[in-house]
Amino acid sequence: MSKRKTIFSALLVMFLWGSLFPMIKIGYKAYNITSTGDILFFAGIRFTICSLIILLYSLIKNRVSFKAEKHKIHLIALSGLFAIILHYSFTYMGLNLTDSSKTAIIKQVGVCFYVCFSWLFFKDDKLTVKKLAGVLLGFSGIAAINMSSNGFTWHLGDSLILLASFCTVFSNVISKKLFNSVDPVTATGISQLFGGIVLLVIGVIMEGRISLEFNISVLIFVYICAASVLGYCIWFVIVKYNSLSKLFIIKFAEPVFASILAALLLGENIFSIQYLLAFLLIGGGIYISNT
């Protein structure tokens with residue numbers, strides 16, 4: 001991919017992932033999801049179905065890729081542990097205990113950590129002035145969105161969100177090392193199948209239930225699955241060929257898209273000076289780090 005196509009593809013993924021925040025909220029109402037057990041059960045169904053779609057596509061496209069994955073199954077499962085099981089468990093439990101306005105800031109701490117210490121994981125992914133400027137502008141943009149929040153305290157829920165942020169970093173580091181020898185799409189499908197089944201089992205143990213009716217609300221679930229499949233597959237293909245630190249700076253755009261779509265779909269108010277400031281800061285961070 002050219003640099004322009006890479007940035008566009010990464011921004012498309014951020015749009016898809018950002019759209020999932022309001023769509024999942026709509027899904028919770030549509031399917032009467034209230035408890036943590038319900039949420040994990042719903043997530044388990046989502047990732048299990050997504051993984052089966054990805055694996056079916058991968059099997060039709062390239063059957064040979066499945067042979068190589070057998071020798072790396074433990075690393076693929078490890079990626080699924082961090083990317084799906086731990087990340088979503090920490091996120092959902094944290095959201096029940098912390099102020100949602102702080103979540104957007106805390107979720108980016110792992111990104112800042114990686115950009116500053118990427119040389120610990122990959123020798124060719126070094127810290128530069130442009131990367132540092134990009135991550136500072138991006139983080140400032142996320143902070144700008146939350147300028148109206150009342151104070152900044154620290155609770156158990158905040159710690160869980162922070163752990164979820166680092167789980168995202170670790171899963172991407174594992175995946176990038178893994179993709180040197182396996183197909184990104186097939187590995188994504190296997191890791192999501194592992195994570196989805198585990199979340200499904202945990203949801204059942206916690207007596208999670210969802211009232212899924214085959215009417216117009218099914219389109220919500222279809223969109224959630226489609227956005228997940230496309231988002232993760234495109235992202236991990238990009239991860240294979242590009243510097244993680246530059247991609248993580250683009251990841252600051254995810255909560256911006258989430259905010260815009262929340263305004264359109266949920267009626268949340270984003271027409272204030274801090275959102276305009278956030279858009280400019282994050283856009284500037286992405287531009288500087290990639291020039």
# chains A, B, ... in the order shown; residues from 1 in each chain; ligands from 1

call {"tool": "residues_around", "arguments": {"residues": "range 197-213 of chain A", "least_positions_apart": "5", "cutoff": "7 Å", "atoms": "only C-alpha atoms", "output": "mmCIF file with N, CA and C atoms, in the first residue's frame"}}
result
data_model
loop_
_atom_site.group_PDB
_atom_site.id
_atom_site.type_symbol
_atom_site.label_atom_id
_atom_site.label_comp_id
_atom_site.auth_asym_id
_atom_site.auth_seq_id
_atom_site.Cartn_x
_atom_site.Cartn_y
_atom_site.Cartn_z
ATOM 1 N N TYR A 31 -32.145 -5.150 22.334
ATOM 2 C CA TYR A 31 -32.144 -6.533 22.809
ATOM 3 C C TYR A 31 -32.271 -6.656 24.328
ATOM 4 N N ASN A 32 -32.612 -5.535 24.972
ATOM 5 C CA ASN A 32 -32.862 -5.526 26.421
ATOM 6 C C ASN A 32 -31.668 -6.065 27.201
ATOM 7 N N ILE A 33 -30.476 -5.553 26.886
ATOM 8 C CA ILE A 33 -29.244 -5.977 27.548
ATOM 9 C C ILE A 33 -28.968 -5.027 28.713
ATOM 10 N N GLY A 37 -23.335 -9.896 32.566
ATOM 11 C CA GLY A 37 -23.487 -11.210 31.931
ATOM 12 C C GLY A 37 -24.116 -11.098 30.555
ATOM 13 N N ASP A 38 -25.154 -10.244 30.432
ATOM 14 C CA ASP A 38 -25.801 -10.012 29.139
ATOM 15 C C ASP A 38 -24.810 -9.436 28.134
ATOM 16 N N LEU A 40 -21.427 -9.588 28.090
ATOM 17 C CA LEU A 40 -20.401 -10.547 27.683
ATOM 18 C C LEU A 40 -20.990 -11.631 26.784
ATOM 19 N N PHE A 41 -22.223 -12.026 27.063
ATOM 20 C CA PHE A 41 -22.911 -13.012 26.229
ATOM 21 C C PHE A 41 -23.123 -12.452 24.821
ATOM 22 N N PHE A 42 -23.552 -11.184 24.752
ATOM 23 C CA PHE A 42 -23.754 -10.493 23.478
ATOM 24 C C PHE A 42 -22.442 -10.381 22.712
ATOM 25 N N ALA A 43 -21.365 -9.993 23.418
ATOM 26 C CA ALA A 43 -20.044 -9.876 22.788
ATOM 27 C C ALA A 43 -19.562 -11.236 22.292
ATOM 28 N N GLY A 44 -19.827 -12.291 23.071
ATOM 29 C CA GLY A 44 -19.429 -13.635 22.678
ATOM 30 C C GLY A 44 -20.104 -14.075 21.395
ATOM 31 N N ILE A 45 -21.412 -13.816 21.290
ATOM 32 C CA ILE A 45 -22.146 -14.149 20.064
ATOM 33 C C ILE A 45 -21.580 -13.364 18.886
ATOM 34 N N THR A 48 -18.039 -14.696 17.891
ATOM 35 C CA THR A 48 -18.118 -16.059 17.361
ATOM 36 C C THR A 48 -18.643 -16.046 15.937
ATOM 37 N N ILE A 85 -10.761 -11.235 24.808
ATOM 38 C CA ILE A 85 -11.237 -11.633 26.143
ATOM 39 C C ILE A 85 -10.926 -10.573 27.194
#

call {"tool": "residues_around", "arguments": {"residues": "range 114-119 of chain A", "least_positions_apart": "4", "cutoff": "10 Å", "atoms": "only C-alpha atoms", "output": "list in words"}}
result
Val109, Gly110, Lys123, Asp124, Asp125, Lys126, Leu127, Thr128, Lys131, Leu132, Gly134, Val135, Phe166, Val169, Phe170, Val173, Ser243, Leu244, Ser245, Lys246, Leu247, Phe248 and Ile249 of chain A

call {"tool": "closest_residue", "arguments": {"among": "A:Ser228, A:Ser217, A:Thr91, A:Ser140", "to": "Tyr28 in chain A", "atoms": "only C-alpha atoms"}}
result
A:Ser217

call {"tool": "closest_residue", "arguments": {"among": "A:Leu120, A:Ile7, A:Ala187, A:Ala226", "to": "Ser289 in chain A", "atoms": "only C-alpha atoms"}}
result
A:Ile7

call {"tool": "select_by_dssp", "arguments": {"residues": "range 131-243 of chain A", "states": "alpha helix (DSSP H)", "output": "PyMOL selection string"}}
result
chain A and resi 131-145+156-178+184-205+218-241

call {"tool": "residues_around", "arguments": {"residues": "Gly138 in chain A", "least_positions_apart": "6", "cutoff": "7 Å", "atoms": "only C-alpha atoms", "output": "VMD selection string"}}
result
chain A and resid 249 252 281 to 282 285

call {"tool": "write_last_selection", "arguments": {"atoms": "N, CA and C atoms", "output": "PDB file, in the first residue's frame"}}
result
ATOM      1  N   ILE A 249      -1.156   6.457  16.267  1.00  0.00           N
ATOM      2  CA  ILE A 249      -1.491   7.885  16.283  1.00  0.00           C
ATOM      3  C   ILE A 249      -2.800   8.117  15.524  1.00  0.00           C
ATOM      4  N   PHE A 252      -6.211   7.744  17.343  1.00  0.00           N
ATOM      5  CA  PHE A 252      -6.855   8.833  18.083  1.00  0.00           C
ATOM      6  C   PHE A 252      -8.131   9.306  17.382  1.00  0.00           C
ATOM      7  N   LEU A 281      -6.695  19.205  16.490  1.00  0.00           N
ATOM      8  CA  LEU A 281      -5.503  18.643  17.139  1.00  0.00           C
ATOM      9  C   LEU A 281      -5.209  17.233  16.633  1.00  0.00           C
ATOM     10  N   ILE A 282      -6.228  16.388  16.571  1.00  0.00           N
ATOM     11  CA  ILE A 282      -6.024  15.001  16.139  1.00  0.00           C
ATOM     12  C   ILE A 282      -5.646  14.950  14.661  1.00  0.00           C
ATOM     13  N   GLY A 285      -2.086  15.952  14.428  1.00  0.00           N
ATOM     14  CA  GLY A 285      -1.211  14.872  14.900  1.00  0.00           C
ATOM     15  C   GLY A 285      -1.007  13.792  13.864  1.00  0.00           C
TER      16      GLY A 285
END

call {"tool": "residues_around", "arguments": {"residues": "Lys72 in chain A", "least_positions_apart": "6", "cutoff": "12 Å", "atoms": "only C-alpha atoms", "output": "list in words"}}
result
Ser65, Phe66, Leu78, Ser79, Ile174, Ser175, Lys177, Leu178, Phe179, Asn180, Ser181, Val182, Asp183, Thr186, Ala187, Ile190 and Ser191 of chain A

call {"tool": "atom_distance", "arguments": {"atom1": "CA of Lys176 in chain A", "atom2": "CA of Leu20 in chain A"}}
result
24.0 Å

call {"tool": "atom_distance", "arguments": {"atom1": "CA of Ala143 in chain A", "atom2": "CA of Ser171 in chain A"}}
result
24.7 Å

call {"tool": "closest_residue", "arguments": {"among": "A:Met93, A:Ala164, A:Met23, A:Leu55", "to": "Ala263 in chain A", "atoms": "only C-alpha atoms"}}
result
A:Met23

call {"tool": "closest_residue", "arguments": {"among": "A:Leu156, A:Ala253, A:Ile53, A:Ile161", "to": "Ser89 in chain A", "atoms": "only C-alpha atoms"}}
result
A:Ile161

call {"tool": "atom_distance", "arguments": {"atom1": "CA of Val129 in chain A", "atom2": "CA of Gly141 in chain A"}}
result
18.2 Å

call {"tool": "closest_residue", "arguments": {"among": "A:Gln108, A:Ser19, A:Ser58, A:Ser51", "to": "Leu264 in chain A", "atoms": "only C-alpha atoms"}}
result
A:Ser19
